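Structure file target-v2.cif with mmCIF, C-alpha atoms:
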data_final
loop_
_atom_site.label_atom_id
_atom_site.label_comp_id
_atom_site.auth_asym_id
_atom_site.auth_seq_id
_atom_site.Cartn_x
_atom_site.Cartn_y
_atom_site.Cartn_z
CA MET A 1 110.19 -157.20 35.21
CA ALA A 2 110.72 -155.20 32.01
CA THR A 3 114.10 -155.47 30.30
CA LYS A 4 115.98 -152.66 28.59
CA LYS A 5 118.04 -152.91 25.44
CA GLY A 6 120.37 -149.99 25.03
CA ARG A 7 119.29 -146.56 26.22
CA GLN A 8 115.94 -146.30 24.48
CA THR A 9 114.15 -149.62 24.01
CA VAL A 10 112.11 -151.42 26.69
CA PHE A 11 110.70 -154.93 26.33
CA THR A 12 107.60 -155.56 28.45
CA SER A 13 107.47 -158.51 30.85
CA LYS A 14 103.70 -158.94 30.99
CA PRO A 15 100.93 -159.14 28.37
CA ILE A 16 99.94 -155.57 27.50
CA SER A 17 97.08 -155.55 25.04
CA VAL A 18 95.52 -152.96 22.75
CA SER A 19 92.13 -154.49 23.49
CA ALA A 20 89.84 -151.93 21.82
CA TRP A 21 89.93 -148.75 19.78
CA ALA A 22 87.74 -146.03 18.34
CA LEU A 23 88.39 -143.55 15.54
CA SER A 24 86.46 -140.60 14.12
CA GLY A 25 87.37 -138.16 11.38
CA GLY A 26 86.34 -135.38 9.05
CA LYS A 27 84.85 -135.51 5.56
CA LYS A 28 88.21 -135.51 3.75
CA GLU A 29 89.38 -138.44 5.88
CA GLY A 30 86.14 -140.32 5.21
CA ASP A 31 86.57 -139.84 1.47
CA GLY A 32 90.12 -141.20 1.57
CA PRO A 33 91.40 -144.79 1.26
CA LEU A 34 91.11 -145.37 5.03
CA GLY A 35 87.54 -144.09 5.27
CA LYS A 36 86.00 -147.48 6.05
CA GLY A 37 88.16 -147.81 9.15
CA PHE A 38 86.50 -144.92 10.98
CA ASP A 39 83.72 -145.46 13.50
CA TYR A 40 82.21 -142.09 12.60
CA ILE A 41 82.75 -139.43 9.94
CA TYR A 42 81.76 -135.80 10.53
CA LYS A 43 80.55 -134.00 7.42
CA ASP A 44 80.54 -130.62 9.22
CA SER A 45 84.03 -129.45 10.24
CA LEU A 46 82.51 -127.37 13.05
CA LEU A 47 80.61 -130.39 14.42
CA GLY A 48 77.69 -128.07 15.09
CA GLN A 49 79.77 -125.75 17.30
CA GLU A 50 80.62 -122.06 17.01
CA SER A 51 84.37 -122.61 16.65
CA TRP A 52 86.69 -125.30 15.28
CA GLU A 53 88.34 -125.67 18.68
CA LYS A 54 85.01 -126.47 20.32
CA GLY A 55 84.25 -128.86 17.48
CA GLU A 56 87.53 -130.70 18.06
CA SER A 57 86.66 -131.07 21.75
CA ILE A 58 83.33 -132.64 20.78
CA MET A 59 85.13 -135.00 18.41
CA ILE A 60 87.55 -136.25 21.06
CA ARG A 61 84.73 -136.55 23.63
CA ASN A 62 82.61 -138.61 21.25
CA THR A 63 85.56 -140.81 20.33
CA LEU A 64 86.24 -141.66 23.97
CA ASP A 65 82.54 -142.31 24.48
CA THR A 66 82.56 -144.64 21.46
CA LEU A 67 85.52 -146.55 22.90
CA LEU A 68 83.71 -147.04 26.21
CA LYS A 69 80.56 -148.27 24.47
CA LYS A 70 82.50 -150.68 22.25
CA SER A 71 84.26 -152.04 25.35
CA SER A 72 81.11 -152.12 27.53
CA LEU A 73 82.97 -150.06 30.13
CA LEU A 74 82.09 -147.11 32.35
CA PRO A 75 84.38 -144.08 32.71
CA SER A 76 85.18 -145.27 36.23
CA ASP A 77 86.62 -148.48 34.73
CA ILE A 78 89.46 -146.48 33.12
CA GLU A 79 92.22 -145.88 35.64
CA LEU A 80 94.31 -143.37 33.68
CA ILE A 81 94.25 -141.39 30.43
CA PHE A 82 97.18 -139.94 28.51
CA SER A 83 95.68 -137.44 26.08
CA GLY A 84 96.84 -134.66 23.81
CA ASP A 85 96.18 -132.58 20.72
CA LEU A 86 97.96 -129.87 18.71
CA MET A 87 96.78 -126.82 20.63
CA ASN A 88 98.25 -124.75 23.44
CA GLN A 89 97.48 -126.21 26.88
CA CYS A 90 96.04 -129.35 25.20
CA THR A 91 92.78 -127.41 25.07
CA SER A 92 90.72 -129.77 22.91
CA ALA A 93 91.65 -132.86 24.89
CA THR A 94 91.17 -131.13 28.22
CA TYR A 95 87.68 -129.89 27.46
CA GLY A 96 86.83 -133.07 25.59
CA ILE A 97 87.45 -135.46 28.49
CA ARG A 98 86.65 -133.31 31.53
CA SER A 99 83.08 -134.64 31.90
CA PHE A 100 84.35 -138.24 32.24
CA ASP A 101 86.11 -137.57 35.56
CA ILE A 102 89.02 -139.92 34.72
CA PRO A 103 92.54 -139.25 36.10
CA SER A 104 94.58 -137.89 33.21
CA TYR A 105 97.90 -136.56 32.02
CA GLY A 106 98.12 -134.08 29.15
CA ILE A 107 100.87 -134.72 26.60
CA TYR A 108 102.14 -132.63 23.71
CA GLY A 109 104.22 -134.48 21.17
CA ALA A 110 102.41 -133.12 18.10
CA CYS A 111 102.31 -135.89 15.47
CA SER A 112 103.90 -138.33 17.92
CA ASN A 113 101.09 -137.88 20.49
CA ILE A 114 99.47 -141.27 19.98
CA GLY A 115 102.77 -143.17 20.02
CA GLU A 116 103.84 -141.28 23.11
CA ALA A 117 100.50 -141.97 24.82
CA VAL A 118 100.70 -145.70 24.04
CA SER A 119 104.27 -145.89 25.41
CA LEU A 120 103.23 -144.12 28.61
CA CYS A 121 100.23 -146.44 29.01
CA ALA A 122 102.54 -149.42 28.61
CA MET A 123 104.95 -148.01 31.21
CA ALA A 124 102.12 -147.38 33.66
CA ILE A 125 100.84 -150.95 33.29
CA GLU A 126 104.33 -152.46 33.35
CA SER A 127 104.96 -150.68 36.65
CA GLY A 128 102.14 -152.64 38.24
CA GLY A 129 100.37 -149.49 39.39
CA PHE A 130 97.67 -149.67 36.70
CA SER A 131 95.90 -152.39 34.73
CA ARG A 132 93.69 -150.42 32.31
CA CYS A 133 94.66 -147.14 30.62
CA CYS A 134 93.59 -145.12 27.61
CA ALA A 135 95.69 -143.42 24.93
CA LEU A 136 93.74 -140.56 23.37
CA THR A 137 94.63 -137.91 20.83
CA SER A 138 93.11 -135.57 18.26
CA SER A 139 93.92 -132.98 15.62
CA HIS A 140 91.84 -130.71 13.41
CA PHE A 141 92.98 -129.09 10.18
CA CYS A 142 91.33 -125.75 10.90
CA THR A 143 92.59 -125.41 14.48
CA ALA A 144 96.08 -126.51 13.44
CA GLU A 145 96.20 -123.90 10.69
CA ARG A 146 95.40 -121.19 13.22
CA GLN A 147 97.94 -122.62 15.67
CA PHE A 148 100.92 -123.25 13.40
CA ARG A 149 100.46 -121.35 10.16
CA TYR A 150 97.85 -118.74 9.22
CA PRO A 151 94.17 -118.64 10.20
CA LEU A 152 91.99 -119.76 7.30
CA GLU A 153 90.31 -116.34 7.37
CA TYR A 154 93.65 -114.81 6.36
CA GLY A 155 93.37 -116.42 2.94
CA GLY A 156 97.08 -117.19 2.63
CA VAL A 157 98.19 -119.27 -0.35
CA LYS A 158 99.78 -122.58 0.63
CA THR A 159 103.22 -123.53 -0.63
CA THR A 160 103.71 -126.67 -2.71
CA THR A 161 105.35 -128.40 0.29
CA ALA A 162 102.58 -127.56 2.77
CA GLN A 163 100.91 -130.50 4.51
CA TRP A 164 97.24 -131.00 5.35
CA THR A 165 96.77 -131.76 9.03
CA VAL A 166 94.34 -134.61 9.62
CA THR A 167 90.94 -133.95 11.20
CA ALA A 168 90.50 -136.99 13.41
CA ALA A 169 90.51 -138.36 16.95
CA SER A 170 91.62 -141.77 18.14
CA ALA A 171 91.26 -143.67 21.40
CA LEU A 172 93.04 -146.91 22.34
CA LEU A 173 92.25 -149.08 25.34
CA ILE A 174 95.50 -150.49 26.77
CA GLU A 175 95.14 -153.32 29.30
CA ASN A 176 97.08 -155.98 31.17
CA LYS A 177 95.23 -158.65 29.21
CA ASP A 178 96.13 -161.79 27.28
CA GLN A 179 94.53 -160.66 24.02
CA PRO A 180 96.30 -159.60 20.81
CA PRO A 181 97.45 -157.23 19.45
CA PHE A 182 100.16 -156.79 22.09
CA ILE A 183 102.64 -154.08 22.97
CA ARG A 184 105.86 -156.07 23.22
CA ALA A 185 108.33 -153.20 23.31
CA PHE A 186 108.66 -149.46 22.84
CA SER A 187 111.48 -147.02 22.11
CA THR A 188 111.84 -143.40 23.16
CA GLY A 189 113.39 -140.97 20.72
CA THR A 190 115.86 -138.16 21.34
CA ILE A 191 115.69 -134.48 20.35
CA THR A 192 117.71 -134.07 17.15
CA ASP A 193 118.25 -130.94 15.05
CA MET A 194 118.03 -132.06 11.42
CA GLY A 195 118.96 -128.64 10.07
CA ILE A 196 115.63 -128.01 8.34
CA LYS A 197 115.04 -124.31 7.67
CA ASP A 198 111.69 -124.25 5.85
CA ILE A 199 109.02 -123.79 8.56
CA THR A 200 106.24 -124.65 6.11
CA ASN A 201 107.72 -128.05 5.21
CA MET A 202 106.63 -130.16 8.18
CA GLY A 203 107.01 -133.32 6.12
CA ALA A 204 110.78 -132.84 6.07
CA ALA A 205 110.78 -132.50 9.85
CA MET A 206 108.82 -135.73 10.33
CA ALA A 207 110.56 -137.80 7.63
CA PRO A 208 113.93 -136.09 7.15
CA ASP A 209 116.82 -136.96 4.90
CA GLU A 210 119.80 -137.90 7.07
CA GLU A 211 122.08 -135.88 4.79
CA VAL A 212 120.73 -132.58 6.17
CA HIS A 213 121.62 -133.49 9.78
CA THR A 214 123.36 -130.71 11.70
CA PRO A 215 125.32 -131.95 14.74
#
In C-alpha coordinates, what does this structure look like?
Amino acid sequence: MATKKGRQTVFTSKPISVSAWALSGGKKEGDGPLGKGFDYIYKDSLLGQESWEKGESIMIRNTLDTLLKKSSLLPSDIELIFSGDLMNQCTSATYGIRSFDIPSYGIYGACSNIGEAVSLCAMAIESGGFSRCCALTSSHFCTAERQFRYPLEYGGVKTTTAQWTVTAASALLIENKDQPPFIRAFSTGTITDMGIKDITNMGAAMAPDEEVHTP
(Lines of atoms letter the chains of each structure in order from A and count residues from 1; the text may use other names and numbers.)
(Lines give C-alpha, C1' and ligand atoms only; values in the text may rest on other atoms or scores of the structure.)
Protein backbone atom coordinates (compact mmCIF):
# COMPACT_ATOMS: atom_id res chain seq x y z
CA MET A 1 0.00 0.00 0.00
CA ALA A 2 1.28 3.49 -0.88
CA THR A 3 2.47 5.70 1.96
CA LYS A 4 1.95 9.44 2.28
CA LYS A 5 4.41 11.95 3.65
CA GLY A 6 2.75 15.19 4.57
CA ARG A 7 -0.16 16.45 2.49
CA GLN A 8 1.38 16.25 -0.95
CA THR A 9 3.92 13.46 -1.39
CA VAL A 10 3.08 9.80 -2.06
CA PHE A 11 5.61 6.96 -2.05
CA THR A 12 4.61 4.01 -4.22
CA SER A 13 4.50 0.50 -2.76
CA LYS A 14 5.01 -1.45 -5.98
CA PRO A 15 7.47 -1.22 -8.90
CA ILE A 16 6.10 1.37 -11.32
CA SER A 17 8.30 1.63 -14.38
CA VAL A 18 8.70 4.13 -17.20
CA SER A 19 9.35 1.22 -19.54
CA ALA A 20 9.35 3.04 -22.90
CA TRP A 21 9.04 6.49 -24.42
CA ALA A 22 8.75 8.32 -27.72
CA LEU A 23 9.40 11.95 -28.59
CA SER A 24 8.94 14.04 -31.73
CA GLY A 25 9.55 17.72 -32.35
CA GLY A 26 9.81 20.59 -34.78
CA LYS A 27 12.80 21.91 -36.72
CA LYS A 28 13.91 24.36 -34.01
CA GLU A 29 13.88 21.55 -31.44
CA GLY A 30 15.85 19.28 -33.77
CA ASP A 31 18.49 21.98 -34.25
CA GLY A 32 18.89 22.44 -30.50
CA PRO A 33 21.18 20.64 -28.02
CA LEU A 34 18.57 17.93 -27.36
CA GLY A 35 17.94 17.20 -31.04
CA LYS A 36 19.51 13.73 -31.00
CA GLY A 37 17.06 12.60 -28.34
CA PHE A 38 14.02 12.86 -30.61
CA ASP A 39 12.62 9.86 -32.46
CA TYR A 40 11.44 12.11 -35.28
CA ILE A 41 11.89 15.75 -36.30
CA TYR A 42 9.32 17.53 -38.49
CA LYS A 43 10.82 20.10 -40.84
CA ASP A 44 7.36 21.41 -41.82
CA SER A 45 5.51 23.08 -38.92
CA LEU A 46 2.17 22.26 -40.58
CA LEU A 47 3.09 18.57 -40.88
CA GLY A 48 1.43 18.59 -44.29
CA GLN A 49 -1.91 19.79 -42.90
CA GLU A 50 -3.98 22.90 -43.60
CA SER A 51 -3.72 24.27 -40.06
CA TRP A 52 -1.24 24.15 -37.18
CA GLU A 53 -3.86 22.60 -34.92
CA LYS A 54 -4.36 19.70 -37.32
CA GLY A 55 -0.60 19.37 -37.62
CA GLU A 56 -0.26 19.11 -33.84
CA SER A 57 -2.88 16.34 -33.80
CA ILE A 58 -0.85 14.43 -36.39
CA MET A 59 2.28 14.91 -34.30
CA ILE A 60 0.71 13.49 -31.14
CA ARG A 61 -0.87 10.62 -33.10
CA ASN A 62 2.45 9.68 -34.67
CA THR A 63 4.23 9.90 -31.32
CA LEU A 64 1.80 7.48 -29.71
CA ASP A 65 2.13 5.18 -32.71
CA THR A 66 5.93 5.32 -32.36
CA LEU A 67 5.66 4.37 -28.68
CA LEU A 68 3.50 1.36 -29.52
CA LYS A 69 5.92 0.20 -32.22
CA LYS A 70 8.95 0.62 -29.95
CA SER A 71 7.15 -1.41 -27.27
CA SER A 72 5.77 -4.05 -29.68
CA LEU A 73 2.29 -3.34 -28.31
CA LEU A 74 -1.16 -2.94 -29.83
CA PRO A 75 -3.49 -0.08 -28.86
CA SER A 76 -5.63 -2.64 -27.03
CA ASP A 77 -2.65 -3.40 -24.77
CA ILE A 78 -2.84 0.11 -23.26
CA GLU A 79 -5.47 0.21 -20.53
CA LEU A 80 -5.63 3.97 -19.97
CA ILE A 81 -4.24 7.22 -21.38
CA PHE A 82 -3.87 10.57 -19.63
CA SER A 83 -3.31 13.11 -22.40
CA GLY A 84 -3.30 16.86 -22.83
CA ASP A 85 -2.05 19.84 -24.80
CA LEU A 86 -2.26 23.64 -24.60
CA MET A 87 -5.51 24.17 -26.49
CA ASN A 88 -9.12 24.59 -25.43
CA GLN A 89 -10.89 21.25 -24.94
CA CYS A 90 -7.53 19.43 -25.33
CA THR A 91 -8.29 19.50 -29.05
CA SER A 92 -4.96 18.26 -30.41
CA ALA A 93 -4.75 15.33 -28.02
CA THR A 94 -8.40 14.41 -28.51
CA TYR A 95 -8.20 14.26 -32.28
CA GLY A 96 -4.73 12.78 -32.17
CA ILE A 97 -5.64 9.68 -30.16
CA ARG A 98 -9.27 9.07 -31.15
CA SER A 99 -8.42 6.45 -33.80
CA PHE A 100 -6.64 4.26 -31.20
CA ASP A 101 -9.84 3.52 -29.26
CA ILE A 102 -8.04 3.58 -25.89
CA PRO A 103 -9.86 4.71 -22.70
CA SER A 104 -8.59 8.19 -21.91
CA TYR A 105 -8.76 11.19 -19.63
CA GLY A 106 -8.01 14.69 -20.91
CA ILE A 107 -5.86 16.86 -18.65
CA TYR A 108 -4.95 20.54 -18.83
CA GLY A 109 -2.02 21.58 -16.71
CA ALA A 110 -0.24 23.57 -19.44
CA CYS A 111 3.52 23.12 -18.95
CA SER A 112 2.90 20.65 -16.13
CA ASN A 113 0.86 18.30 -18.36
CA ILE A 114 3.47 15.55 -18.62
CA GLY A 115 4.27 15.58 -14.91
CA GLU A 116 0.58 15.54 -14.09
CA ALA A 117 -0.04 12.68 -16.53
CA VAL A 118 2.81 10.60 -15.06
CA SER A 119 1.50 11.16 -11.51
CA LEU A 120 -2.00 10.10 -12.53
CA CYS A 121 -0.64 7.00 -14.28
CA ALA A 122 1.26 6.11 -11.12
CA MET A 123 -1.88 6.58 -9.01
CA ALA A 124 -3.93 4.42 -11.36
CA ILE A 125 -1.37 1.61 -11.22
CA GLU A 126 -0.83 1.96 -7.47
CA SER A 127 -4.58 1.55 -6.97
CA GLY A 128 -4.39 -1.92 -8.47
CA GLY A 129 -7.03 -1.11 -11.08
CA PHE A 130 -4.53 -0.79 -13.95
CA SER A 131 -1.17 -2.29 -14.87
CA ARG A 132 -0.23 -0.42 -18.07
CA CYS A 133 -0.97 3.26 -18.76
CA CYS A 134 0.30 5.98 -21.06
CA ALA A 135 1.20 9.61 -20.31
CA LEU A 136 0.89 11.70 -23.46
CA THR A 137 1.23 15.40 -24.14
CA SER A 138 1.99 17.91 -26.88
CA SER A 139 2.44 21.59 -27.63
CA HIS A 140 3.03 23.60 -30.79
CA PHE A 141 4.49 27.08 -30.98
CA CYS A 142 2.06 28.31 -33.62
CA THR A 143 -1.10 26.99 -31.95
CA ALA A 144 0.06 28.28 -28.55
CA GLU A 145 0.65 31.76 -29.96
CA ARG A 146 -2.91 31.84 -31.26
CA GLN A 147 -4.23 30.47 -27.96
CA PHE A 148 -2.33 32.59 -25.43
CA ARG A 149 -0.86 35.61 -27.18
CA TYR A 150 -1.45 36.90 -30.72
CA PRO A 151 -1.94 34.87 -33.90
CA LEU A 152 1.23 34.88 -35.98
CA GLU A 153 -0.72 36.53 -38.81
CA TYR A 154 -1.16 39.57 -36.55
CA GLY A 155 2.55 40.32 -36.82
CA GLY A 156 2.91 41.50 -33.22
CA VAL A 157 6.41 42.24 -31.97
CA LYS A 158 7.49 40.02 -29.08
CA THR A 159 8.73 41.52 -25.83
CA THR A 160 12.23 40.73 -24.56
CA THR A 161 10.74 38.46 -21.87
CA ALA A 162 8.53 36.45 -24.24
CA GLN A 163 9.08 32.69 -24.30
CA TRP A 164 9.06 30.33 -27.27
CA THR A 165 6.65 27.46 -26.73
CA VAL A 166 8.14 24.12 -27.73
CA THR A 167 6.81 22.25 -30.76
CA ALA A 168 6.93 18.65 -29.59
CA ALA A 169 4.96 15.64 -28.41
CA SER A 170 5.96 13.02 -25.87
CA ALA A 171 4.57 9.64 -24.87
CA LEU A 172 5.61 7.57 -21.85
CA LEU A 173 4.62 3.98 -21.17
CA ILE A 174 4.02 3.51 -17.43
CA GLU A 175 3.77 -0.09 -16.19
CA ASN A 176 3.70 -2.24 -13.07
CA LYS A 177 7.04 -3.73 -14.09
CA ASP A 178 10.38 -4.42 -12.42
CA GLN A 179 12.43 -2.40 -14.91
CA PRO A 180 14.17 0.94 -14.30
CA PRO A 181 13.70 3.87 -14.42
CA PHE A 182 11.10 3.76 -11.66
CA ILE A 183 8.53 6.18 -10.28
CA ARG A 184 9.22 5.97 -6.56
CA ALA A 185 7.19 8.96 -5.41
CA PHE A 186 5.27 11.98 -6.64
CA SER A 187 4.11 15.28 -5.16
CA THR A 188 1.06 17.34 -6.03
CA GLY A 189 1.38 21.11 -6.01
CA THR A 190 -1.04 23.74 -4.73
CA ILE A 191 -2.46 26.81 -6.48
CA THR A 192 -0.36 29.81 -5.40
CA ASP A 193 -0.64 33.44 -6.51
CA MET A 194 2.93 34.68 -6.94
CA GLY A 195 1.85 38.24 -7.66
CA ILE A 196 3.16 38.31 -11.23
CA LYS A 197 1.50 41.04 -13.31
CA ASP A 198 3.23 40.75 -16.70
CA ILE A 199 1.06 38.39 -18.79
CA THR A 200 3.79 38.06 -21.43
CA ASN A 201 6.40 36.82 -18.95
CA MET A 202 5.43 33.16 -18.58
CA GLY A 203 8.93 32.32 -17.40
CA ALA A 204 8.32 34.24 -14.19
CA ALA A 205 5.13 32.28 -13.62
CA MET A 206 6.88 28.93 -14.07
CA ALA A 207 10.10 29.77 -12.20
CA PRO A 208 9.13 32.64 -9.89
CA ASP A 209 11.16 34.55 -7.36
CA GLU A 210 9.73 33.87 -3.90
CA GLU A 211 10.10 37.55 -3.03
CA VAL A 212 7.15 38.50 -5.26
CA HIS A 213 4.75 36.13 -3.45
CA THR A 214 1.39 37.68 -2.58
CA PRO A 215 -0.45 35.85 0.23
**Request:** Identify all residues satisfying the PyMOL selection byres ((chain A and resi 125) around 12) in the given file; provide them as a PyMOL selection string.
**Result:** chain A and resi 1-2+12-18+79-81+118-124+126-134+173-177+183
Show which residues sit within 12 Å of Ser104 of chain A, as a PDB file with C-alpha atoms, in the coordinates of the input. Count all atoms listed in the file, and ignore same-chain residues fewer than 3 positions away.
ATOM      1  CA  PRO A  75      84.380-144.080  32.710  1.00  0.00           C
ATOM      2  CA  ILE A  78      89.460-146.480  33.120  1.00  0.00           C
ATOM      3  CA  GLU A  79      92.220-145.880  35.640  1.00  0.00           C
ATOM      4  CA  LEU A  80      94.310-143.370  33.680  1.00  0.00           C
ATOM      5  CA  ILE A  81      94.250-141.390  30.430  1.00  0.00           C
ATOM      6  CA  PHE A  82      97.180-139.940  28.510  1.00  0.00           C
ATOM      7  CA  SER A  83      95.680-137.440  26.080  1.00  0.00           C
ATOM      8  CA  GLY A  84      96.840-134.660  23.810  1.00  0.00           C
ATOM      9  CA  CYS A  90      96.040-129.350  25.200  1.00  0.00           C
ATOM     10  CA  ALA A  93      91.650-132.860  24.890  1.00  0.00           C
ATOM     11  CA  THR A  94      91.170-131.130  28.220  1.00  0.00           C
ATOM     12  CA  GLY A  96      86.830-133.070  25.590  1.00  0.00           C
ATOM     13  CA  ILE A  97      87.450-135.460  28.490  1.00  0.00           C
ATOM     14  CA  ARG A  98      86.650-133.310  31.530  1.00  0.00           C
ATOM     15  CA  PHE A 100      84.350-138.240  32.240  1.00  0.00           C
ATOM     16  CA  ASP A 101      86.110-137.570  35.560  1.00  0.00           C
ATOM     17  CA  ILE A 107     100.870-134.720  26.600  1.00  0.00           C
ATOM     18  CA  ALA A 117     100.500-141.970  24.820  1.00  0.00           C
ATOM     19  CA  LEU A 120     103.230-144.120  28.610  1.00  0.00           C
ATOM     20  CA  CYS A 121     100.230-146.440  29.010  1.00  0.00           C
ATOM     21  CA  CYS A 133      94.660-147.140  30.620  1.00  0.00           C
ATOM     22  CA  CYS A 134      93.590-145.120  27.610  1.00  0.00           C
ATOM     23  CA  ALA A 135      95.690-143.420  24.930  1.00  0.00           C
ATOM     24  CA  LEU A 136      93.740-140.560  23.370  1.00  0.00           C
TER      25      LEU A 136
END
**Message:** Here is a test: counting all atoms listed in the file, which residue of A:Asn201, A:Ser138, A:Gln147, A:Thr190 is nearest to Gln8 of chain A?
**Reply:**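 Nearest to Gln8 of chain A: A:Thr190.
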Distance query Asp44 of chain A at most 12 Å, all atoms listed in the file, self and fewer than 4 positions along chain excluded, as a PDB file with C-alpha atoms, in the coordinates of the input:
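Saved file around_27.pdb follows:
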ATOM      1  CA  GLY A  25      87.370-138.160  11.380  1.00  0.00           C
ATOM      2  CA  GLY A  26      86.340-135.380   9.050  1.00  0.00           C
ATOM      3  CA  LYS A  27      84.850-135.510   5.560  1.00  0.00           C
ATOM      4  CA  LYS A  28      88.210-135.510   3.750  1.00  0.00           C
ATOM      5  CA  GLY A  30      86.140-140.320   5.210  1.00  0.00           C
ATOM      6  CA  GLY A  48      77.690-128.070  15.090  1.00  0.00           C
ATOM      7  CA  GLN A  49      79.770-125.750  17.300  1.00  0.00           C
ATOM      8  CA  GLU A  50      80.620-122.060  17.010  1.00  0.00           C
ATOM      9  CA  SER A  51      84.370-122.610  16.650  1.00  0.00           C
ATOM     10  CA  TRP A  52      86.690-125.300  15.280  1.00  0.00           C
ATOM     11  CA  GLY A  55      84.250-128.860  17.480  1.00  0.00           C
ATOM     12  CA  GLU A  56      87.530-130.700  18.060  1.00  0.00           C
ATOM     13  CA  MET A  59      85.130-135.000  18.410  1.00  0.00           C
ATOM     14  CA  CYS A 142      91.330-125.750  10.900  1.00  0.00           C
ATOM     15  CA  THR A 167      90.940-133.950  11.200  1.00  0.00           C
TER      16      THR A 167
END
**Item:** Separation of atom CA of Asp85 of chain A from atom CA of Thr143 of chain A in Å
**Value:**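 Separating atom CA of Thr143 of chain A from atom CA of Asp85 of chain A is a distance of 10.2 Å.
Taking atom CA of Tyr150 of chain A and atom CA of Thr165 of chain A as the two end points, the separation is 13.1 Å.
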**Message:** If I take atom CA of Leu23 of chain A and atom CA of Phe38 of chain A, how far is one from the other in Å, to one decimal?
**Reply:**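 Interatomic distance here is 5.1 Å.
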**Message:** Since I can't run it myself right now, could you work out what the PyMOL selection byres ((chain A and resi 62) around 10) selects here and report it as a count of residues only?
**Reply:** 19
**Request:** List, as a PyMOL selection string, every residue that the PyMOL selection byres ((chain A and resi 9) around 8) selects in the file provided.
**Result:** chain A and resi 4-8+10-11+185-188
**Message:** Every residue with an atom at most 10 Å from (101.4, -125.2, 12.8) (file coordinates; all atoms listed in the file) is what I'm after, so could you write them as a list in words?
**Reply:** Leu86, Met87, Ala110, Phe141, Thr143, Ala144, Glu145, Arg146, Gln147, Phe148, Arg149, Tyr150, Gln163, Thr165, Ile199, Thr200 and Met202 of chain A
Output as JSON the centre and edge lengths (Å, one decimal) of the box along x, y and z of the file that holds every listed atom of segment 55-70 of chain A after adding 8 Å on each side.
{"center_x": 84.1, "center_y": -139.8, "center_z": 21.8, "size_x": 23.0, "size_y": 37.8, "size_z": 24.7}
**Message:** Calculated over all atoms listed in the file, which of the candidates A:Ala20, A:Ala162, A:Asp77, A:Asp178 has the smallest distance to Ala204 of chain A?
**Reply:** A:Ala162
